[in-house]
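J.: This one is start_2.cif, mmCIF, C-alpha atoms.
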```cif
data_data
#
loop_
_atom_site.label_atom_id
_atom_site.label_comp_id
_atom_site.auth_asym_id
_atom_site.auth_seq_id
_atom_site.Cartn_x
_atom_site.Cartn_y
_atom_site.Cartn_z
CA MET A 848 116.53 121.59 114.72
CA SER A 849 116.53 117.89 113.88
CA ALA A 850 113.51 116.18 112.33
CA SER A 851 113.02 114.11 115.48
CA ASN A 852 112.68 117.27 117.59
CA LEU A 853 110.10 118.97 115.40
CA SER A 854 106.87 118.98 117.31
CA VAL A 855 103.30 119.99 116.76
CA ARG A 856 103.78 122.63 119.45
CA CYS A 857 106.67 124.24 117.56
CA LEU A 858 104.64 124.09 114.37
CA ALA A 859 101.69 125.83 116.00
CA GLY A 860 104.04 128.56 117.20
CA ALA A 861 105.40 129.05 113.70
CA LEU A 862 101.88 129.34 112.35
CA ALA A 863 100.93 131.90 114.95
CA ALA A 864 103.94 133.97 113.96
CA THR A 865 102.83 134.02 110.35
CA GLY A 866 99.28 134.98 111.18
CA LEU A 867 97.73 131.71 110.12
CA MET A 868 95.79 131.19 113.35
CA ALA A 869 93.10 133.66 112.38
CA ALA A 870 90.35 131.07 112.13
CA THR A 871 87.73 131.53 114.81
CA ALA A 872 85.68 128.87 116.53
CA ALA A 873 82.71 129.96 114.44
CA GLN A 874 84.58 129.05 111.27
CA ALA A 875 85.95 125.79 112.62
CA GLY A 876 85.12 122.64 110.77
CA GLU A 877 86.20 119.04 110.66
CA VAL A 878 88.47 117.34 108.14
CA GLU A 879 88.47 113.60 107.87
CA VAL A 880 91.68 112.52 106.17
CA LEU A 881 92.32 109.08 104.72
CA HIS A 882 96.01 108.11 104.54
CA TRP A 883 98.32 105.16 105.10
CA TRP A 884 101.13 106.86 107.01
CA THR A 885 101.34 104.57 110.01
CA SER A 886 105.07 103.76 110.39
CA GLY A 887 107.43 105.80 112.61
CA GLY A 888 108.71 108.46 110.20
CA GLU A 889 105.42 108.63 108.33
CA ALA A 890 103.34 108.97 111.49
CA LYS A 891 105.43 111.98 112.55
CA ALA A 892 104.84 113.54 109.15
CA ALA A 893 101.07 113.02 109.43
CA THR A 894 101.13 114.56 112.92
CA ALA A 895 102.71 117.69 111.46
CA LEU A 896 99.78 118.13 109.08
CA LYS A 897 97.28 117.47 111.86
CA GLY A 898 99.05 120.10 113.99
CA LYS A 899 98.65 122.70 111.29
CA LEU A 900 94.87 122.14 111.07
CA LEU A 901 94.47 122.14 114.87
CA ALA A 902 96.37 125.43 114.97
CA LEU A 903 93.72 126.88 112.67
CA GLY A 904 90.98 125.79 115.08
CA HIS A 905 89.68 122.87 113.04
CA THR A 906 89.09 119.28 114.13
CA TRP A 907 91.08 116.50 112.50
CA ARG A 908 89.58 113.04 112.21
CA ASP A 909 92.27 110.52 111.37
CA PHE A 910 91.27 107.83 108.88
CA ALA A 911 94.52 105.82 108.75
CA VAL A 912 94.62 102.47 106.99
CA ALA A 913 97.83 100.48 107.50
CA GLY A 914 99.72 99.11 104.51
CA GLY A 915 102.58 100.99 102.86
CA GLY A 916 101.35 100.60 99.29
CA GLY A 917 97.90 102.05 99.95
CA ASP A 918 95.96 99.16 98.36
CA SER A 919 93.94 98.53 101.53
CA ALA A 920 93.17 102.23 101.85
CA MET A 921 91.78 102.39 98.32
CA THR A 922 89.45 99.46 98.99
CA VAL A 923 88.08 101.21 102.07
CA LEU A 924 87.78 104.53 100.23
CA LYS A 925 85.75 103.01 97.39
CA SER A 926 83.19 101.60 99.82
CA ARG A 927 82.91 104.96 101.60
CA VAL A 928 82.42 106.94 98.38
CA VAL A 929 79.86 104.47 97.02
CA SER A 930 77.86 104.78 100.23
CA GLY A 931 77.87 108.60 99.93
CA ASN A 932 80.15 109.13 102.91
CA ALA A 933 83.43 110.34 101.39
CA PRO A 934 86.16 111.81 103.62
CA ALA A 935 87.21 115.44 103.04
CA ALA A 936 90.58 114.34 101.68
CA ALA A 937 92.23 111.09 100.70
CA GLN A 938 95.79 110.17 99.79
CA ILE A 939 95.52 109.58 96.04
CA LYS A 940 98.12 110.16 93.35
CA GLY A 941 99.04 109.79 89.70
CA PRO A 942 96.49 108.75 87.06
CA SER A 943 94.16 107.59 89.88
CA ILE A 944 93.38 111.27 90.56
CA GLN A 945 91.88 111.60 87.08
CA GLU A 946 90.05 108.28 87.48
CA TRP A 947 88.31 109.55 90.62
CA ALA A 948 87.65 112.95 89.02
CA ARG A 949 85.89 111.29 86.08
CA GLU A 950 83.45 109.79 88.60
CA GLY A 951 82.41 113.34 89.52
CA VAL A 952 83.26 112.99 93.21
CA LEU A 953 86.24 115.39 93.53
CA ALA A 954 86.03 119.06 94.50
CA ASN A 955 87.44 121.93 92.43
CA ILE A 956 90.08 123.79 94.47
CA ASP A 957 91.19 126.31 91.84
CA ASP A 958 90.37 129.17 94.23
CA VAL A 959 92.96 127.87 96.71
CA ALA A 960 95.51 127.19 93.96
CA LYS A 961 95.16 130.65 92.39
CA ALA A 962 95.28 132.48 95.72
CA ASN A 963 98.52 130.67 96.57
CA GLN A 964 100.07 130.73 93.06
CA TRP A 965 100.44 126.97 92.68
CA ASP A 966 101.04 127.17 88.92
CA SER A 967 104.25 129.14 89.50
CA LEU A 968 105.34 127.07 92.51
CA LEU A 969 105.06 123.61 90.93
CA PRO A 970 106.84 121.97 87.97
CA LYS A 971 104.33 121.74 85.13
CA THR A 972 104.47 117.95 84.87
CA ILE A 973 103.51 117.67 88.53
CA ALA A 974 100.86 120.42 88.39
CA ASP A 975 99.20 118.74 85.39
CA GLY A 976 98.89 115.51 87.34
CA LEU A 977 96.90 117.29 90.07
CA LYS A 978 94.32 118.68 87.66
CA TYR A 979 91.25 117.39 85.89
CA LYS A 980 90.10 119.28 82.78
CA GLY A 981 92.45 122.10 83.73
CA SER A 982 91.26 122.53 87.33
CA TYR A 983 93.07 121.51 90.50
CA VAL A 984 91.37 118.71 92.42
CA ALA A 985 94.34 117.62 94.60
CA ALA A 986 97.11 119.18 96.66
CA PRO A 987 100.70 117.84 96.48
CA VAL A 988 102.63 117.11 99.62
CA ASN A 989 106.11 116.15 98.48
CA VAL A 990 108.40 114.50 95.98
CA HIS A 991 109.79 111.07 96.81
CA ARG A 992 112.71 109.65 94.90
CA VAL A 993 112.01 105.95 94.45
CA ASN A 994 115.29 104.75 92.90
CA TRP A 995 117.40 104.78 96.07
CA LEU A 996 119.71 102.16 97.54
CA TRP A 997 120.11 102.32 101.35
CA ALA A 998 123.19 100.79 102.93
CA ASN A 999 124.78 100.25 106.32
CA PRO A 1000 128.42 101.40 105.90
CA ALA A 1001 129.68 99.51 108.96
CA VAL A 1002 128.36 96.25 107.49
CA PHE A 1003 129.94 97.02 104.10
CA GLN A 1004 133.25 97.81 105.79
CA LYS A 1005 133.09 94.49 107.65
CA ALA A 1006 132.54 92.68 104.34
CA GLY A 1007 135.35 94.64 102.66
CA VAL A 1008 133.27 95.99 99.76
CA LYS A 1009 131.97 99.36 98.60
CA VAL A 1010 128.39 100.47 98.06
CA PRO A 1011 127.58 99.45 94.45
CA THR A 1012 126.91 101.82 91.54
CA THR A 1013 126.32 99.12 88.88
CA TRP A 1014 124.46 95.83 88.92
CA ASP A 1015 127.71 93.89 88.52
CA GLU A 1016 129.05 95.65 91.63
CA PHE A 1017 125.73 94.96 93.38
CA PHE A 1018 126.07 91.20 93.01
CA THR A 1019 129.77 91.28 93.93
CA ALA A 1020 128.88 93.20 97.12
CA ALA A 1021 125.93 90.89 97.84
CA GLU A 1022 128.18 87.83 97.63
CA ALA A 1023 130.72 89.42 100.00
CA LEU A 1024 127.98 90.39 102.48
CA LYS A 1025 126.65 86.84 102.38
CA LYS A 1026 130.10 85.43 103.18
CA ALA A 1027 130.39 87.92 106.06
CA GLY A 1028 127.28 86.37 107.62
CA VAL A 1029 124.94 89.25 106.81
CA ILE A 1030 121.67 89.20 104.83
CA PRO A 1031 122.73 91.08 101.67
CA VAL A 1032 119.35 92.55 100.72
CA ALA A 1033 116.58 93.48 103.15
CA HIS A 1034 113.30 92.88 101.34
CA GLY A 1035 109.65 92.65 102.19
CA GLY A 1036 107.87 90.10 100.04
CA GLN A 1037 104.79 92.19 99.23
CA ASN A 1038 103.83 92.80 95.62
CA TRP A 1039 104.44 96.55 95.72
CA GLN A 1040 107.91 96.00 97.19
CA ASP A 1041 108.70 93.41 94.51
CA PHE A 1042 107.54 96.00 91.96
CA THR A 1043 109.74 98.72 93.49
CA THR A 1044 112.79 96.48 93.07
CA PHE A 1045 111.72 95.57 89.51
CA GLU A 1046 111.35 99.24 88.59
CA ALA A 1047 114.87 100.04 89.84
CA VAL A 1048 116.33 97.12 87.90
CA ALA A 1049 114.43 98.11 84.74
CA LEU A 1050 115.83 101.64 84.90
CA GLY A 1051 119.34 100.55 85.88
CA VAL A 1052 119.66 97.81 83.25
CA GLY A 1053 117.58 99.31 80.44
CA GLY A 1054 118.09 103.08 80.86
CA ALA A 1055 115.64 105.98 80.80
CA ASP A 1056 114.43 105.59 77.21
CA PHE A 1057 113.75 101.88 77.70
CA TYR A 1058 111.91 102.67 80.96
CA LYS A 1059 109.69 105.27 79.24
CA LYS A 1060 108.80 102.99 76.35
CA ALA A 1061 108.20 99.90 78.46
CA LEU A 1062 106.73 101.16 81.72
CA VAL A 1063 105.11 104.49 80.82
CA GLN A 1064 104.07 104.08 77.19
CA MET A 1065 103.70 100.29 77.59
CA ASP A 1066 105.07 99.67 74.11
CA GLN A 1067 104.55 96.00 73.30
CA GLY A 1068 107.76 95.61 71.30
CA THR A 1069 109.84 97.00 74.17
CA LEU A 1070 108.02 94.86 76.72
CA LYS A 1071 108.97 91.76 74.73
CA SER A 1072 112.54 92.82 73.92
CA ALA A 1073 115.89 91.23 74.72
CA THR A 1074 116.50 94.13 77.12
CA MET A 1075 113.36 93.24 79.08
CA GLU A 1076 114.54 89.64 79.30
CA LYS A 1077 117.85 90.87 80.76
CA VAL A 1078 115.94 93.09 83.21
CA LEU A 1079 113.86 90.16 84.42
CA THR A 1080 116.88 87.86 84.75
CA THR A 1081 118.72 90.49 86.81
CA PHE A 1082 115.62 91.14 88.92
CA LYS A 1083 115.20 87.46 89.77
CA LYS A 1084 118.88 87.18 90.69
CA VAL A 1085 118.34 89.82 93.42
CA LYS A 1086 116.00 87.38 95.19
CA ASP A 1087 118.91 84.99 95.79
CA TYR A 1088 120.31 87.51 98.26
CA THR A 1089 117.15 88.06 100.33
CA ASP A 1090 116.26 85.94 103.37
CA ARG A 1091 113.58 83.28 103.67
CA ASN A 1092 111.57 85.36 106.14
CA ALA A 1093 111.02 88.10 103.53
CA PRO A 1094 107.50 87.06 102.43
CA GLY A 1095 104.88 89.38 103.92
CA ARG A 1096 107.40 91.60 105.73
CA ASP A 1097 106.46 95.30 105.88
CA TRP A 1098 108.93 97.69 104.23
CA ASN A 1099 109.80 99.52 107.46
CA LEU A 1100 110.76 96.23 109.12
CA ALA A 1101 113.11 95.59 106.19
CA THR A 1102 114.57 99.07 106.71
CA ALA A 1103 115.08 98.23 110.40
CA MET A 1104 117.22 95.26 109.32
CA VAL A 1105 119.62 97.67 107.60
CA ILE A 1106 119.50 100.07 110.55
CA ASN A 1107 120.49 97.37 113.06
CA GLY A 1108 123.12 95.75 110.82
CA GLN A 1109 121.22 92.53 110.24
CA ALA A 1110 121.18 93.32 106.51
CA GLY A 1111 123.51 95.28 104.25
CA MET A 1112 121.22 97.15 101.88
CA GLN A 1113 117.66 97.83 100.76
CA ILE A 1114 116.18 99.08 97.49
CA MET A 1115 113.40 101.44 98.55
CA GLY A 1116 112.11 104.96 98.07
CA ASP A 1117 113.27 107.78 100.31
CA TRP A 1118 110.48 107.26 102.84
CA ALA A 1119 112.99 104.72 104.19
CA LYS A 1120 115.15 107.66 105.26
CA GLY A 1121 112.42 108.72 107.68
CA GLU A 1122 112.96 105.43 109.52
CA PHE A 1123 116.72 106.00 109.80
CA ILE A 1124 116.13 109.54 111.08
CA ALA A 1125 113.48 108.38 113.56
CA ALA A 1126 116.04 105.84 114.86
CA GLY A 1127 118.49 108.70 115.51
CA LYS A 1128 120.83 107.78 112.64
CA THR A 1129 122.93 110.31 110.68
CA PRO A 1130 123.18 110.28 106.86
CA GLY A 1131 126.71 109.65 105.59
CA LYS A 1132 127.80 108.28 108.95
CA ASP A 1133 125.31 105.63 110.08
CA PHE A 1134 123.72 105.02 106.69
CA VAL A 1135 124.40 105.71 103.03
CA CYS A 1136 121.90 106.84 100.41
CA ALA A 1137 122.92 106.18 96.82
CA PRO A 1138 121.01 105.95 93.54
CA ALA A 1139 120.02 102.35 92.79
CA PRO A 1140 122.65 100.65 90.59
CA GLY A 1141 122.88 102.15 87.12
CA THR A 1142 120.30 104.89 87.80
CA GLY A 1143 122.50 107.80 88.92
CA LYS A 1144 121.47 110.13 86.09
CA ALA A 1145 117.75 109.40 86.30
CA TYR A 1146 115.03 109.97 88.88
CA THR A 1147 111.85 107.97 89.41
CA TYR A 1148 109.38 110.10 91.33
CA ASN A 1149 106.40 109.48 93.53
CA VAL A 1150 104.38 112.55 94.49
CA ASP A 1151 102.11 112.06 97.48
CA SER A 1152 98.98 114.16 97.18
CA PHE A 1153 95.56 114.57 98.72
CA ALA A 1154 92.52 114.55 96.47
CA MET A 1155 89.71 116.70 97.82
CA PHE A 1156 86.25 115.10 97.77
CA LYS A 1157 82.94 116.91 97.40
CA ILE A 1158 81.43 117.50 100.85
CA LYS A 1159 78.39 119.55 101.89
CA ASN A 1160 78.85 121.20 105.28
CA ASP A 1161 80.09 124.81 104.77
CA ALA A 1162 82.35 124.77 107.85
CA ASN A 1163 83.86 121.49 106.72
CA VAL A 1164 84.40 122.86 103.19
CA LYS A 1165 86.26 125.80 104.76
CA ALA A 1166 88.37 123.33 106.77
CA GLN A 1167 89.03 121.35 103.58
CA LYS A 1168 90.26 124.47 101.75
CA ASP A 1169 92.44 125.37 104.75
CA LEU A 1170 93.88 121.85 104.56
CA ALA A 1171 94.77 122.36 100.87
CA THR A 1172 96.35 125.74 101.69
CA ALA A 1173 98.28 124.25 104.63
CA ILE A 1174 99.66 121.39 102.55
CA MET A 1175 101.41 123.75 100.15
CA SER A 1176 102.63 126.26 102.76
CA PRO A 1177 106.43 126.58 103.13
CA GLU A 1178 106.22 125.83 106.88
CA PHE A 1179 104.40 122.57 106.37
CA GLN A 1180 106.46 121.55 103.33
CA GLU A 1181 109.59 121.90 105.44
CA VAL A 1182 108.34 120.16 108.60
CA PHE A 1183 106.57 117.37 106.73
CA ASN A 1184 109.43 116.50 104.43
CA LEU A 1185 112.04 116.63 107.18
CA ASN A 1186 110.04 113.91 108.91
CA LYS A 1187 108.99 111.92 105.85
CA GLY A 1188 112.38 111.64 104.16
CA SER A 1189 111.15 113.25 100.94
CA ILE A 1190 111.77 116.74 99.52
CA PRO A 1191 109.39 119.70 99.18
CA VAL A 1192 107.31 119.77 96.01
CA ARG A 1193 107.41 123.59 96.03
CA LEU A 1194 110.18 125.00 93.87
CA ASN A 1195 112.83 127.34 95.33
CA MET A 1196 112.45 126.11 98.91
CA ASP A 1197 115.26 126.78 101.38
CA LEU A 1198 116.84 123.38 102.10
CA ALA A 1199 119.17 124.59 104.86
CA LYS A 1200 117.63 122.24 107.44
CA PHE A 1201 117.67 119.24 105.10
CA ASP A 1202 120.34 116.54 105.12
CA ASP A 1203 122.73 115.55 102.35
CA CYS A 1204 120.41 112.83 101.01
CA ALA A 1205 117.61 115.37 100.52
CA LYS A 1206 119.95 117.90 98.95
CA GLN A 1207 121.21 115.28 96.50
CA SER A 1208 117.62 114.28 95.76
CA SER A 1209 116.64 117.90 95.07
CA SER A 1210 119.67 118.50 92.86
CA ASP A 1211 119.04 115.30 90.89
CA PHE A 1212 115.32 116.15 90.62
CA VAL A 1213 116.09 119.47 88.94
CA ALA A 1214 118.85 118.00 86.74
CA SER A 1215 116.73 115.06 85.55
CA SER A 1216 113.78 117.35 84.78
CA LYS A 1217 116.08 119.29 82.44
CA SER A 1218 117.66 116.20 80.85
CA GLY A 1219 114.42 114.32 80.23
CA THR A 1220 115.22 111.55 82.72
CA LEU A 1221 112.61 112.54 85.33
CA LEU A 1222 110.33 109.50 85.24
CA PRO A 1223 107.04 108.60 86.94
CA SER A 1224 107.25 105.55 89.20
CA ILE A 1225 105.11 102.72 87.85
CA ALA A 1226 105.44 100.88 91.17
CA HIS A 1227 103.88 103.78 93.05
CA GLY A 1228 100.91 104.73 90.94
CA MET A 1229 102.46 107.57 88.94
CA ALA A 1230 102.90 106.14 85.45
CA VAL A 1231 99.92 104.15 84.14
CA PRO A 1232 96.22 103.62 84.91
CA SER A 1233 95.52 101.52 87.99
CA ALA A 1234 94.18 98.47 86.12
CA ALA A 1235 97.34 98.09 84.03
CA GLU A 1236 99.57 98.86 87.00
CA GLY A 1237 97.85 96.23 89.13
CA ALA A 1238 98.04 93.58 86.43
CA ILE A 1239 101.74 94.22 85.72
CA LYS A 1240 102.50 94.26 89.44
CA ASP A 1241 100.83 90.86 89.84
CA ALA A 1242 102.78 89.43 86.89
CA VAL A 1243 106.07 90.71 88.32
CA SER A 1244 105.36 89.18 91.74
CA GLN A 1245 104.33 85.87 90.18
CA PHE A 1246 107.71 85.73 88.45
CA TRP A 1247 109.53 86.68 91.70
CA ASN A 1248 107.72 83.95 93.64
CA THR A 1249 107.67 81.17 91.03
CA ASP A 1250 110.96 79.35 90.63
CA LYS A 1251 109.95 77.50 87.49
CA MET A 1252 108.76 80.55 85.50
CA THR A 1253 111.27 81.68 82.84
CA ALA A 1254 112.06 85.31 82.05
CA LYS A 1255 110.43 84.87 78.63
CA GLU A 1256 107.22 83.56 80.19
CA ALA A 1257 107.21 86.49 82.61
CA MET A 1258 107.79 88.89 79.72
CA ASP A 1259 104.70 87.58 77.91
CA ARG A 1260 102.61 87.93 81.07
CA ILE A 1261 103.77 91.50 81.63
CA ALA A 1262 103.10 92.45 78.00
CA SER A 1263 99.60 90.98 78.27
CA ALA A 1264 99.00 92.75 81.59
CA ALA A 1265 99.97 96.08 80.01
CA LYS A 1266 96.91 95.85 77.77
CA GLN A 1267 94.55 96.17 80.75
CA LYS A 1268 92.33 99.25 80.57
#
```
What do you get writing this file as structure tokens?
T.:
Amino acid sequence: MSASNLSVRCLAGALAATGLMAATAAQAGEVEVLHWWTSGGEAKAATALKGKLLALGHTWRDFAVAGGGGDSAMTVLKSRVVSGNAPAAAQIKGPSIQEWAREGVLANIDDVAKANQWDSLLPKTIADGLKYKGSYVAAPVNVHRVNWLWANPAVFQKAGVKVPTTWDEFFTAAEALKKAGVIPVAHGGQNWQDFTTFEAVALGVGGADFYKKALVQMDQGTLKSATMEKVLTTFKKVKDYTDRNAPGRDWNLATAMVINGQAGMQIMGDWAKGEFIAAGKTPGKDFVCAPAPGTGKAYTYNVDSFAMFKIKNDANVKAQKDLATAIMSPEFQEVFNLNKGSIPVRLNMDLAKFDDCAKQSSSDFVASSKSGTLLPSIAHGMAVPSAAEGAIKDAVSQFWNTDKMTAKEAMDRIASAAKQK
């Protein structure tokens, strides 16, 4: 069954078959869920989770805040928590989970995790990121690979070039696409999208060890190195191959440019694949997924997760725990990730229904975890505390948008931003 044909009705049937519809009306509660999955592929994925809760008899209250990076959602969430009206669950990830936990507002869900053997089903690095002081406070939904390059093969064929594997090949291909009358790089000029491109360039130009030192450990010497200057120069060169309408464009609209042949390629995480699938496109035929130039042996990950907030109503707490259980169930992991473009976070999942892009992602995920090149995405909240991430992101976008700023000036700004606590 294709991702586009997976429906809430089918999901409910699958749940009934596995005996998960045992909840009675008396036990039914409400879960209010804050997320930012509002584009085509993402909305289908969110519907799958909603369907699972409805199948258990609960009520789902959607608290969706548009904006692919989640910045708007976090602003809304903070005001809700401060006013004592937190949702049952909110899409939070990376070090931000621990930041919220330190405020004393997250719920301990160890009972759910132990009953469902999460410690044995999750890679330790990912499990540790979902805990605070050794206890689970969040449930993981998936693993996104961030360092992907998406390409339209028909457009590349027209331009007479191949999909690039190095940055030199990237610029050669971009020049050929430009001459063929196509926008070489589909980009949305929003700071998180700028940062996603920067991250891919940093890994591709500098390598995994450089990436760890600069963008995870925030080592000042590495941030001010000759390698970082080369990264920034390469990053800025990418902008020459974007179009003038890029500023403010949402990421899924940039993906649509590649889908319809208006643009040749896009650097974006694998949530972009959900857009191709939703448009009825086939991997390997209508679109190509390839590691971003120079990053084939590394993997930058973004794990979507839901932090569970302390709530009082017993029926709603039961619904919240059922939500956490549902998120990690094999049925949901399969349906959700088929729609979202990501891969299951559970280990040893059957990937028979998944496409070649997902299978490559899963294989590279396992290989990079063994080789030490599995790296948290700084652009997507996985690597450093939010204050430092935000400050570095702003510095990167200032460099992208300011023609007169030199790479050395940008380097100093990024190094200074990394000191934010």
J.: Using all atoms listed in the file, find the one residue out of A:Tyr1088, A:Trp1098, A:Phe1057, A:Tyr1148 that sits nearest to Gly1228 in chain A.
T.: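 Checking each candidate against Gly1228 in chain A, we get A:Tyr1148 as the closest.
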J.: Ranking A:Arg949, A:Lys897, A:Arg1193, A:Lys940 by minimum distance to Gly976 in chain A and counting all atoms listed in the file, which one comes first?
T.: A:Lys940
J.: Can you turn the PyMOL selection byres ((chain A and resi 950) around 12) into a concrete residue list for this file, as a ChimeraX atom specification?
T.: /A:925,928-929,943-949,951-954,979,1156-1157
J.: Once the PyMOL selection byres ((chain A and resi 934-938) around 6) has been applied to the shown file, what residues remain in the selection, as a ChimeraX atom specification?
T.: /A:878-882,933,939,1152-1156
J.: Return the single residue from A:Leu1222, A:Met1175, A:Ala1230, A:Ala1020 that is closest to Asp966 in chain A, with distances computed using all atoms listed in the file.
T.: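 Looking only at the distances to Asp966 in chain A, the closest residue turns out to be A:Met1175.
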J.: Of the candidates A:Ala893, A:Ile1114, A:Leu1070, A:Ala1205, which one gets nearest to Ser1189 in chain A if we count all atoms listed in the file?
T.: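 Ranking A:Ala893, A:Ile1114, A:Leu1070, A:Ala1205 by distance to Ser1189 in chain A, first place goes to A:Ala1205.
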